[in-house]
$ cat query_5.txt   # compact mmCIF, C-alpha atoms
# COMPACT_ATOMS: atom_id res chain seq x y z
CA MET A 1259 0.00 0.00 0.00
CA ARG A 1260 1.26 3.48 -0.87
CA TYR A 1261 1.30 6.43 1.53
CA PHE A 1262 2.12 10.11 1.15
CA ILE A 1263 4.12 11.55 4.05
CA THR A 1264 4.29 15.30 4.70
CA LEU A 1265 7.28 16.45 6.71
CA ALA A 1266 9.49 19.44 7.46
CA TYR A 1267 13.14 19.77 8.36
CA CYS A 1268 15.94 22.15 9.11
CA GLY A 1269 18.70 21.24 6.66
CA THR A 1270 21.62 22.73 8.57
CA ASN A 1271 22.97 19.44 9.91
CA TYR A 1272 22.46 17.41 6.75
CA CYS A 1273 24.24 16.83 3.45
CA GLY A 1274 20.92 17.39 1.70
CA TRP A 1275 17.81 15.34 1.14
CA GLN A 1276 19.35 12.50 -0.86
CA LYS A 1277 21.36 9.67 0.66
CA GLN A 1278 25.11 10.22 0.34
CA PRO A 1279 28.01 7.87 1.11
CA ASN A 1280 29.91 10.55 3.02
CA GLY A 1281 27.28 12.34 5.04
CA VAL A 1282 24.00 12.15 6.95
CA SER A 1283 20.95 12.92 4.80
CA VAL A 1284 17.33 13.66 5.64
CA GLN A 1285 16.27 10.76 3.43
CA GLN A 1286 18.43 8.37 5.43
CA MET A 1287 17.05 9.58 8.76
CA LEU A 1288 13.44 9.27 7.61
CA THR A 1289 14.02 5.84 6.03
CA ASP A 1290 15.66 4.51 9.18
CA ALA A 1291 12.81 5.81 11.32
CA LEU A 1292 10.17 4.25 9.07
CA CYS A 1293 11.93 0.89 9.05
CA MET A 1294 12.13 0.97 12.85
CA VAL A 1295 8.51 1.98 13.44
CA LEU A 1296 6.91 -0.14 10.70
CA ARG A 1297 9.25 -3.08 11.26
CA GLU A 1298 9.80 -3.69 7.56
CA SER A 1299 12.15 -2.52 4.84
CA VAL A 1300 10.93 0.79 3.46
CA SER A 1301 12.26 3.20 0.84
CA VAL A 1302 11.00 6.74 0.22
CA VAL A 1303 10.69 8.88 -2.92
CA ALA A 1304 10.53 12.65 -2.50
CA ALA A 1305 8.88 15.42 -4.48
CA GLY A 1306 12.34 16.92 -4.96
CA ARG A 1307 15.90 17.01 -3.68
CA THR A 1308 17.16 19.81 -1.48
CA ASP A 1309 20.89 20.52 -1.26
CA ALA A 1310 23.06 20.61 1.84
CA GLY A 1311 21.92 23.30 4.27
CA VAL A 1312 18.57 23.88 2.50
CA HIS A 1313 15.40 23.61 4.55
CA ALA A 1314 11.87 22.37 3.90
CA ALA A 1315 8.77 23.76 5.56
CA LYS A 1316 6.83 21.21 3.51
CA MET A 1317 8.29 18.17 1.78
CA VAL A 1318 6.14 15.36 0.41
CA VAL A 1319 7.40 11.80 -0.04
CA HIS A 1320 5.78 8.49 -0.84
CA CYS A 1321 6.55 5.00 0.40
CA ASP A 1322 5.15 1.53 -0.19
CA VAL A 1323 4.54 -0.82 2.73
CA VAL A 1324 3.47 -4.46 2.92
CA GLN A 1325 1.37 -4.09 6.06
CA PRO A 1326 -1.17 -1.22 6.01
CA ILE A 1327 -0.80 1.35 8.78
CA ASP A 1328 -3.73 0.77 11.14
CA ASP A 1329 -3.37 3.92 13.26
CA VAL A 1330 -1.90 6.79 11.27
CA SER A 1331 -1.88 9.26 14.19
CA ARG A 1332 -0.01 6.81 16.38
CA CYS A 1333 2.47 6.13 13.58
CA VAL A 1334 3.13 9.87 13.17
CA SER A 1335 3.69 10.18 16.91
CA ARG A 1336 6.07 7.22 17.01
CA LEU A 1337 8.06 8.53 14.02
CA ASN A 1338 8.49 11.91 15.68
CA GLY A 1339 9.67 10.17 18.81
CA VAL A 1340 12.41 8.44 16.83
CA LEU A 1341 13.41 11.28 14.51
CA PRO A 1342 15.81 14.03 15.64
CA CYS A 1343 14.38 17.37 16.70
CA ASP A 1344 15.20 19.02 13.34
CA ILE A 1345 12.95 16.64 11.35
CA VAL A 1346 9.20 16.36 11.94
CA VAL A 1347 6.46 14.32 10.26
CA TYR A 1348 3.15 16.18 10.05
CA ASP A 1349 0.88 13.77 8.24
CA ILE A 1350 0.58 10.34 6.60
CA GLN A 1351 -2.16 9.67 4.07
CA PRO A 1352 -3.01 6.54 2.03
CA VAL A 1353 -3.02 7.22 -1.72
CA ALA A 1354 -3.52 5.32 -4.96
CA ASP A 1355 -0.65 3.00 -5.82
CA THR A 1356 -0.12 4.95 -9.06
CA LEU A 1357 0.35 8.35 -7.39
CA HIS A 1358 3.99 9.47 -7.43
CA ALA A 1359 5.40 12.11 -5.07
CA ARG A 1360 7.79 13.47 -7.68
CA PHE A 1361 6.24 12.91 -11.09
CA ASP A 1362 2.67 13.83 -10.15
CA ALA A 1363 3.60 17.12 -8.48
CA VAL A 1364 2.38 20.02 -10.64
CA SER A 1365 4.38 22.73 -8.90
CA ARG A 1366 6.90 23.47 -6.16
CA ARG A 1367 7.27 26.72 -4.29
CA TYR A 1368 10.46 28.02 -2.70
CA GLU A 1369 11.30 31.01 -0.54
CA TYR A 1370 14.67 32.65 -0.04
CA HIS A 1371 15.00 34.76 3.12
CA VAL A 1372 17.35 37.71 3.53
CA LEU A 1373 17.85 39.96 6.56
CA LEU A 1374 18.94 43.58 6.52
CA ARG A 1375 20.46 43.34 9.98
CA LYS A 1376 22.08 40.62 12.01
CA SER A 1377 19.80 38.46 14.14
CA PRO A 1378 20.82 35.80 16.68
CA PHE A 1379 17.46 34.10 16.08
CA ALA A 1380 17.94 33.48 12.37
CA VAL A 1381 21.35 31.81 12.35
CA ASN A 1382 21.37 29.29 9.48
CA LEU A 1383 17.82 30.33 8.52
CA ALA A 1384 18.48 33.46 6.45
CA TRP A 1385 21.24 35.32 4.62
CA CYS A 1386 22.21 38.50 6.43
CA LEU A 1387 23.12 41.30 4.01
CA SER A 1388 25.64 44.02 4.77
CA PHE A 1389 23.91 46.38 2.32
CA VAL A 1390 20.36 47.32 1.30
CA PRO A 1391 19.65 46.42 -2.34
CA ASP A 1392 17.01 48.07 -4.53
CA PHE A 1393 14.11 45.67 -4.07
CA ASP A 1394 11.96 47.55 -6.61
CA ALA A 1395 14.57 46.91 -9.28
CA MET A 1396 14.86 43.29 -8.17
CA ASN A 1397 11.09 42.86 -8.39
CA ALA A 1398 11.08 44.32 -11.88
CA ALA A 1399 13.71 41.78 -12.90
CA ALA A 1400 11.87 38.94 -11.16
CA THR A 1401 8.77 39.51 -13.29
CA VAL A 1402 10.89 38.89 -16.39
CA LEU A 1403 11.52 35.27 -15.36
CA SER A 1404 7.99 34.14 -16.32
CA GLU A 1405 8.63 35.26 -19.90
CA TYR A 1406 11.26 32.56 -20.39
CA SER A 1407 11.39 28.78 -20.16
CA ASP A 1408 15.07 27.83 -20.65
CA PHE A 1409 16.99 28.48 -17.43
CA THR A 1410 20.35 26.96 -18.31
CA SER A 1411 22.02 30.16 -17.04
CA PHE A 1412 20.81 29.36 -13.52
CA SER A 1413 21.54 25.64 -13.51
CA LYS A 1414 24.44 23.82 -11.96
CA THR A 1415 26.60 22.46 -14.76
CA HIS A 1416 27.21 18.78 -15.56
CA THR A 1417 23.97 17.48 -14.05
CA ASP A 1418 22.03 14.44 -15.24
CA VAL A 1419 18.82 16.32 -16.15
CA LYS A 1420 17.56 15.90 -19.70
CA THR A 1421 16.12 19.39 -20.08
CA ASN A 1422 16.57 22.85 -18.55
CA ILE A 1423 13.03 23.91 -19.46
CA CYS A 1424 10.88 25.12 -16.56
CA THR A 1425 7.59 27.00 -16.32
CA ILE A 1426 7.70 29.75 -13.69
CA VAL A 1427 4.24 30.88 -12.59
CA ASP A 1428 5.27 33.38 -9.91
CA ALA A 1429 8.44 35.18 -8.84
CA HIS A 1430 8.53 38.22 -6.59
CA TRP A 1431 10.13 39.81 -3.53
CA GLU A 1432 8.01 40.71 -0.52
CA GLN A 1433 8.81 42.42 2.75
CA ARG A 1434 8.01 40.67 6.02
CA GLY A 1435 8.67 42.89 8.99
CA ALA A 1436 11.08 45.78 9.19
CA TYR A 1437 14.27 43.91 8.32
CA GLU A 1438 13.29 40.78 6.40
CA TRP A 1439 12.69 40.33 2.68
CA VAL A 1440 11.67 37.06 1.03
CA PHE A 1441 12.00 35.98 -2.59
CA CYS A 1442 9.06 33.73 -3.51
CA ILE A 1443 9.16 31.58 -6.64
CA GLU A 1444 6.84 28.85 -7.91
CA ALA A 1445 7.40 26.61 -10.93
CA ASN A 1446 6.50 23.21 -12.26
CA ARG A 1447 10.10 22.08 -11.68
CA PHE A 1448 13.48 23.49 -10.64
CA LEU A 1449 17.03 22.83 -11.78
CA ARG A 1450 19.87 22.11 -9.37
CA ASN A 1451 20.98 25.30 -7.64
CA MET A 1452 18.46 27.29 -9.71
CA VAL A 1453 16.82 29.38 -7.00
CA ARG A 1454 20.11 30.33 -5.35
CA ALA A 1455 21.57 31.34 -8.71
CA VAL A 1456 18.47 33.38 -9.58
CA VAL A 1457 18.65 35.19 -6.23
CA GLY A 1458 22.36 35.86 -6.68
CA THR A 1459 21.71 37.40 -10.08
CA LEU A 1460 18.80 39.48 -8.80
CA ILE A 1461 21.10 40.80 -6.08
CA GLU A 1462 23.40 42.08 -8.84
CA VAL A 1463 20.41 44.01 -10.20
CA GLY A 1464 19.61 45.31 -6.72
CA LYS A 1465 23.18 46.53 -6.25
CA GLY A 1466 23.02 48.44 -9.52
CA LYS A 1467 25.65 46.24 -11.15
CA MET A 1468 23.24 44.77 -13.71
CA SER A 1469 20.45 46.45 -15.67
CA LEU A 1470 17.09 44.91 -16.50
CA GLU A 1471 18.20 44.43 -20.09
CA GLU A 1472 21.43 42.80 -18.95
CA PHE A 1473 19.37 40.47 -16.74
CA ARG A 1474 17.45 39.43 -19.85
CA GLN A 1475 20.72 38.86 -21.67
CA VAL A 1476 21.93 36.58 -18.88
CA ILE A 1477 18.87 34.36 -19.30
CA GLU A 1478 19.11 34.36 -23.09
CA SER A 1479 22.83 33.54 -23.03
CA ARG A 1480 22.15 30.11 -21.47
CA ASN A 1481 25.52 30.46 -19.82
CA ARG A 1482 25.94 29.87 -16.07
CA CYS A 1483 29.11 31.98 -16.06
CA ALA A 1484 27.06 35.01 -17.14
CA ALA A 1485 24.78 34.84 -14.09
CA GLY A 1486 25.48 35.96 -10.54
CA MET A 1487 26.88 33.97 -7.67
CA SER A 1488 25.03 31.19 -5.91
CA VAL A 1489 23.81 32.65 -2.61
CA PRO A 1490 24.24 30.71 0.66
CA ALA A 1491 21.99 27.68 1.21
CA CYS A 1492 20.87 28.81 4.68
CA GLY A 1493 18.16 31.16 3.38
CA LEU A 1494 16.42 28.68 1.09
CA PHE A 1495 13.21 26.85 2.01
CA LEU A 1496 10.97 24.49 0.07
CA VAL A 1497 7.57 25.69 1.31
CA ASP A 1498 4.94 23.90 -0.77
CA VAL A 1499 4.34 21.06 -3.22
CA LYS A 1500 1.08 20.97 -5.18
CA TYR A 1501 -0.63 17.97 -6.77

$ encode --input "query_5.txt" --output "structure tokens"
Amino acid sequence: MRYFITLAYCGTNYCGWQKQPNGVSVQQMLTDALCMVLRESVSVVAAGRTDAGVHAAKMVVHCDVVQPIDDVSRCVSRLNGVLPCDIVVYDIQPVADTLHARFDAVSRRYEYHVLLRKSPFAVNLAWCLSFVPDFDAMNAAATVLSEYSDFTSFSKTHTDVKTNICTIVDAHWEQRGAYEWVFCIEANRFLRNMVRAVVGTLIEVGKGKMSLEEFRQVIESRNRCAAGMSVPACGLFLVDVKY
């Protein structure tokens, strides 16, 4: 029987979502907990893969089990008792055996958080800037993203993806409180390192080092070297997956 599991995690202590031979991953921690609680061998498939240090306010995974889960609430409670404090399971729902956490997702939404002053309460949860960029200019550039579909310029090179085509349905900056700004972006799929590269390039626009037309040229060049730096992982959150 197939189940969808909704969870959240702080990625600071992990090498990313996916299992790695040289580090502790969120996938490994969840798999181990499921095997312990369900008392059978279980593997999980996620809606996406987050990199080292990236967080998820909402991640969705599916798993197949031989024995149906009789008491879902109790299972959730037991999993949270086994998992470390920086990983939490919110919900487990039975689904059709054909439903796939990754391939049936129609969109993912990410947020990137920046702070305009240092905060002891946001360590590893936001990027603290030493300057104040022009967020109006950055928002103007962000709206341009939905006009394009090939985002090779914002993709990590030498990956195993077959296409760099994505459909962006929303991209904008919004202010939350006096000192926090958040970049929100939603698309049907994302390339490796894409959001962090987009934010790094938008920062160049906000610093006045890149014009709106030059931002367009970066996208059209399909050249990662033309784009801005990849911003730190600490500010990035996967916040929603839609089916």

$ residues_around --input "query_5.txt" --residues "A:Phe1448" --least-positions-apart "4" --cutoff "9 Å" --atoms "only C-alpha atoms" --output "PDB file with C-alpha atoms, keeping the file's coordinate frame"
ATOM      1  CA  GLY A1306      12.340  16.920  -4.960  1.00  0.00           C
ATOM      2  CA  ARG A1366       6.900  23.470  -6.160  1.00  0.00           C
ATOM      3  CA  SER A1413      21.540  25.640 -13.510  1.00  0.00           C
ATOM      4  CA  ASN A1422      16.570  22.850 -18.550  1.00  0.00           C
ATOM      5  CA  ILE A1423      13.030  23.910 -19.460  1.00  0.00           C
ATOM      6  CA  CYS A1424      10.880  25.120 -16.560  1.00  0.00           C
ATOM      7  CA  THR A1425       7.590  27.000 -16.320  1.00  0.00           C
ATOM      8  CA  GLU A1444       6.840  28.850  -7.910  1.00  0.00           C
ATOM      9  CA  MET A1452      18.460  27.290  -9.710  1.00  0.00           C
ATOM     10  CA  VAL A1453      16.820  29.380  -7.000  1.00  0.00           C
TER      11      VAL A1453
END

$ closest_residue --input "query_5.txt" --among "A:Leu1387, A:Val1319, A:Ile1327, A:Val1312" --to "A:Phe1262" --atoms "only C-alpha atoms"
A:Val1319

$ closest_residue --input "query_5.txt" --among "A:Pro1391, A:Gly1493, A:Gly1435, A:Gly1269" --to "A:Gly1466" --atoms "all atoms listed in the file"
A:Pro1391

$ residues_around --input "query_5.txt" --residues "A:Leu1494" --least-positions-apart "5" --cutoff "10 Å" --atoms "all atoms listed in the file" --output "list in words"
Gly1269, Thr1308, Asp1309, Gly1311, Val1312, His1313, Ala1314, Tyr1368, Glu1369, Tyr1370, His1371, Val1372, Asn1382, Leu1383, Ala1384, Trp1385, Val1440, Phe1441, Val1453, Arg1454 and Val1489 of chain A

$ closest_residue --input "query_5.txt" --among "A:Ala1291, A:Leu1265, A:Val1390, A:Leu1357" --to "A:Ala1315" --atoms "all atoms listed in the file"
A:Leu1265

$ closest_residue --input "query_5.txt" --among "A:Val1323, A:Val1346, A:Ile1477, A:Cys1386" --to "A:Val1300" --atoms "all atoms listed in the file"
A:Val1323

$ residues_near_point --input "query_5.txt" --point "(16.8, 31.1, -24.1)" --cutoff "8 Å" --atoms "only C-alpha atoms" --output "PDB file with C-alpha atoms, in the coordinates of the input"
ATOM      1  CA  TYR A1406      11.260  32.560 -20.390  1.00  0.00           C
ATOM      2  CA  SER A1407      11.390  28.780 -20.160  1.00  0.00           C
ATOM      3  CA  ASP A1408      15.070  27.830 -20.650  1.00  0.00           C
ATOM      4  CA  PHE A1409      16.990  28.480 -17.430  1.00  0.00           C
ATOM      5  CA  THR A1410      20.350  26.960 -18.310  1.00  0.00           C
ATOM      6  CA  ILE A1477      18.870  34.360 -19.300  1.00  0.00           C
ATOM      7  CA  GLU A1478      19.110  34.360 -23.090  1.00  0.00           C
ATOM      8  CA  SER A1479      22.830  33.540 -23.030  1.00  0.00           C
ATOM      9  CA  ARG A1480      22.150  30.110 -21.470  1.00  0.00           C
TER      10      ARG A1480
END

$ residues_near_point --input "query_5.txt" --point "(11.1, 16.3, -0.1)" --cutoff "10 Å" --atoms "only C-alpha atoms" --output "ChimeraX atom specification"
/A:1263-1267,1275-1276,1284-1285,1302-1308,1313-1320,1359-1360,1496,1498-1499

$ residues_around --input "query_5.txt" --residues "A:Asp1355" --least-positions-apart "4" --cutoff "10 Å" --atoms "only C-alpha atoms" --output "MDAnalysis selection string"
chainID A and resid 1259:1261 1320:1322

$ atom_distance --input "query_5.txt" --atom1 "atom CA of A:Tyr1272" --atom2 "atom CA of A:Phe1495"
14.0 Å

$ closest_residue --input "query_5.txt" --among "A:Gly1486, A:Trp1439, A:Glu1472, A:Lys1467" --to "A:Ala1455" --atoms "only C-alpha atoms"
A:Gly1486

$ residues_around --input "query_5.txt" --residues "A:Ser1365" --least-positions-apart "5" --cutoff "8 Å" --atoms "only C-alpha atoms" --output "ChimeraX atom specification"
/A:1444-1447,1499-1501

$ write_last_selection --input "query_5.txt" --atoms "C-alpha atoms" --output "PDB file, keeping the file's coordinate frame"
ATOM      1  CA  GLU A1444       6.840  28.850  -7.910  1.00  0.00           C
ATOM      2  CA  ALA A1445       7.400  26.610 -10.930  1.00  0.00           C
ATOM      3  CA  ASN A1446       6.500  23.210 -12.260  1.00  0.00           C
ATOM      4  CA  ARG A1447      10.100  22.080 -11.680  1.00  0.00           C
ATOM      5  CA  VAL A1499       4.340  21.060  -3.220  1.00  0.00           C
ATOM      6  CA  LYS A1500       1.080  20.970  -5.180  1.00  0.00           C
ATOM      7  CA  TYR A1501      -0.630  17.970  -6.770  1.00  0.00           C
TER       8      TYR A1501
END

$ atom_distance --input "query_5.txt" --atom1 "atom CA of A:Arg1482" --atom2 "atom CA of A:Glu1462"
14.4 Å

$ closest_residue --input "query_5.txt" --among "A:Val1282, A:Leu1341, A:Val1324, A:Val1364" --to "A:Ile1426" --atoms "only C-alpha atoms"
A:Val1364

$ atom_distance --input "query_5.txt" --atom1 "atom CA of A:Met1487" --atom2 "atom CA of A:Ser1411"
11.2 Å

$ residues_around --input "query_5.txt" --residues "A:Cys1273" --least-positions-apart "5" --cutoff "6 Å" --atoms "all atoms listed in the file" --output "ChimeraX atom specification"
/A:1281-1283,1310

$ decode --input "query_5.txt" --residues "stretch 1336-1373 of chain A" --atoms "N, CA and C atoms" --output "mmCIF file, in the first residue's frame"
data_model
loop_
_atom_site.group_PDB
_atom_site.id
_atom_site.type_symbol
_atom_site.label_atom_id
_atom_site.label_comp_id
_atom_site.auth_asym_id
_atom_site.auth_seq_id
_atom_site.Cartn_x
_atom_site.Cartn_y
_atom_site.Cartn_z
ATOM 1 N N ARG A 1336 4.910 8.093 16.791
ATOM 2 C CA ARG A 1336 6.068 7.225 17.005
ATOM 3 C C ARG A 1336 7.257 7.654 16.144
ATOM 4 N N LEU A 1337 6.986 8.058 14.903
ATOM 5 C CA LEU A 1337 8.058 8.527 14.022
ATOM 6 C C LEU A 1337 8.729 9.767 14.608
ATOM 7 N N ASN A 1338 7.929 10.691 15.100
ATOM 8 C CA ASN A 1338 8.489 11.911 15.679
ATOM 9 C C ASN A 1338 9.250 11.634 16.964
ATOM 10 N N GLY A 1339 8.912 10.547 17.629
ATOM 11 C CA GLY A 1339 9.665 10.167 18.815
ATOM 12 C C GLY A 1339 11.029 9.584 18.474
ATOM 13 N N VAL A 1340 11.151 9.034 17.274
ATOM 14 C CA VAL A 1340 12.410 8.441 16.825
ATOM 15 C C VAL A 1340 13.284 9.454 16.094
ATOM 16 N N LEU A 1341 12.669 10.311 15.313
ATOM 17 C CA LEU A 1341 13.408 11.281 14.508
ATOM 18 C C LEU A 1341 14.069 12.345 15.380
ATOM 19 N N PRO A 1342 15.181 12.928 14.899
ATOM 20 C CA PRO A 1342 15.813 14.025 15.641
ATOM 21 C C PRO A 1342 14.926 15.256 15.644
ATOM 22 N N CYS A 1343 15.244 16.205 16.502
ATOM 23 C CA CYS A 1343 14.379 17.374 16.699
ATOM 24 C C CYS A 1343 14.299 18.280 15.476
ATOM 25 N N ASP A 1344 15.228 18.146 14.521
ATOM 26 C CA ASP A 1344 15.202 19.021 13.344
ATOM 27 C C ASP A 1344 14.497 18.393 12.150
ATOM 28 N N ILE A 1345 13.804 17.259 12.365
ATOM 29 C CA ILE A 1345 12.951 16.642 11.348
ATOM 30 C C ILE A 1345 11.625 16.288 11.997
ATOM 31 N N VAL A 1346 10.515 16.667 11.365
ATOM 32 C CA VAL A 1346 9.204 16.363 11.938
ATOM 33 C C VAL A 1346 8.269 15.868 10.844
ATOM 34 N N VAL A 1347 7.511 14.819 11.145
ATOM 35 C CA VAL A 1347 6.465 14.322 10.256
ATOM 36 C C VAL A 1347 5.146 14.935 10.694
ATOM 37 N N TYR A 1348 4.422 15.539 9.740
ATOM 38 C CA TYR A 1348 3.151 16.179 10.055
ATOM 39 C C TYR A 1348 1.949 15.284 9.763
ATOM 40 N N ASP A 1349 2.072 14.494 8.678
ATOM 41 C CA ASP A 1349 0.880 13.773 8.238
ATOM 42 C C ASP A 1349 1.269 12.560 7.397
ATOM 43 N N ILE A 1350 0.445 11.518 7.458
ATOM 44 C CA ILE A 1350 0.582 10.339 6.603
ATOM 45 C C ILE A 1350 -0.800 10.030 6.037
ATOM 46 N N GLN A 1351 -0.887 9.922 4.701
ATOM 47 C CA GLN A 1351 -2.164 9.667 4.066
ATOM 48 C C GLN A 1351 -2.056 8.532 3.055
ATOM 49 N N PRO A 1352 -2.998 7.577 3.067
ATOM 50 C CA PRO A 1352 -3.006 6.540 2.033
ATOM 51 C C PRO A 1352 -3.397 7.145 0.688
ATOM 52 N N VAL A 1353 -2.735 6.715 -0.377
ATOM 53 C CA VAL A 1353 -3.025 7.224 -1.717
ATOM 54 C C VAL A 1353 -3.075 6.057 -2.694
ATOM 55 N N ALA A 1354 -3.493 6.343 -3.910
ATOM 56 C CA ALA A 1354 -3.522 5.322 -4.957
ATOM 57 C C ALA A 1354 -2.103 4.851 -5.249
ATOM 58 N N ASP A 1355 -1.973 3.583 -5.567
ATOM 59 C CA ASP A 1355 -0.650 3.004 -5.820
ATOM 60 C C ASP A 1355 0.062 3.652 -7.002
ATOM 61 N N THR A 1356 -0.699 4.325 -7.864
ATOM 62 C CA THR A 1356 -0.116 4.946 -9.060
ATOM 63 C C THR A 1356 0.349 6.378 -8.813
ATOM 64 N N LEU A 1357 -0.011 6.954 -7.663
ATOM 65 C CA LEU A 1357 0.354 8.349 -7.389
ATOM 66 C C LEU A 1357 1.821 8.436 -6.982
ATOM 67 N N HIS A 1358 2.547 9.352 -7.619
ATOM 68 C CA HIS A 1358 3.995 9.468 -7.428
ATOM 69 C C HIS A 1358 4.336 10.839 -6.845
ATOM 70 N N ALA A 1359 5.088 10.857 -5.760
ATOM 71 C CA ALA A 1359 5.401 12.111 -5.070
ATOM 72 C C ALA A 1359 6.153 13.092 -5.959
ATOM 73 N N ARG A 1360 7.006 12.591 -6.820
ATOM 74 C CA ARG A 1360 7.790 13.471 -7.682
ATOM 75 C C ARG A 1360 7.096 13.768 -9.006
ATOM 76 N N PHE A 1361 6.723 12.720 -9.728
ATOM 77 C CA PHE A 1361 6.241 12.906 -11.091
ATOM 78 C C PHE A 1361 4.831 13.477 -11.179
ATOM 79 N N ASP A 1362 4.032 13.312 -10.124
ATOM 80 C CA ASP A 1362 2.672 13.831 -10.145
ATOM 81 C C ASP A 1362 2.544 15.217 -9.510
ATOM 82 N N ALA A 1363 3.627 15.753 -9.010
ATOM 83 C CA ALA A 1363 3.597 17.122 -8.478
ATOM 84 C C ALA A 1363 3.494 18.106 -9.646
ATOM 85 N N VAL A 1364 2.569 19.047 -9.553
ATOM 86 C CA VAL A 1364 2.377 20.016 -10.641
ATOM 87 C C VAL A 1364 3.176 21.296 -10.417
ATOM 88 N N SER A 1365 3.536 21.560 -9.164
ATOM 89 C CA SER A 1365 4.382 22.732 -8.905
ATOM 90 C C SER A 1365 5.057 22.610 -7.550
ATOM 91 N N ARG A 1366 6.182 23.320 -7.424
ATOM 92 C CA ARG A 1366 6.895 23.465 -6.158
ATOM 93 C C ARG A 1366 7.071 24.957 -5.910
ATOM 94 N N ARG A 1367 7.082 25.315 -4.651
ATOM 95 C CA ARG A 1367 7.266 26.722 -4.289
ATOM 96 C C ARG A 1367 8.417 26.838 -3.293
ATOM 97 N N TYR A 1368 9.325 27.762 -3.573
ATOM 98 C CA TYR A 1368 10.464 28.020 -2.701
ATOM 99 C C TYR A 1368 10.426 29.457 -2.196
ATOM 100 N N GLU A 1369 11.067 29.658 -1.066
ATOM 101 C CA GLU A 1369 11.299 31.008 -0.544
ATOM 102 C C GLU A 1369 12.775 31.147 -0.204
ATOM 103 N N TYR A 1370 13.306 32.352 -0.476
ATOM 104 C CA TYR A 1370 14.666 32.653 -0.038
ATOM 105 C C TYR A 1370 14.601 33.875 0.866
ATOM 106 N N HIS A 1371 15.112 33.724 2.096
ATOM 107 C CA HIS A 1371 14.997 34.761 3.116
ATOM 108 C C HIS A 1371 16.310 35.528 3.273
ATOM 109 N N VAL A 1372 16.195 36.854 3.251
ATOM 110 C CA VAL A 1372 17.354 37.708 3.530
ATOM 111 C C VAL A 1372 17.005 38.671 4.656
ATOM 112 N N LEU A 1373 18.003 39.011 5.459
ATOM 113 C CA LEU A 1373 17.847 39.965 6.556
ATOM 114 C C LEU A 1373 18.714 41.185 6.302
#
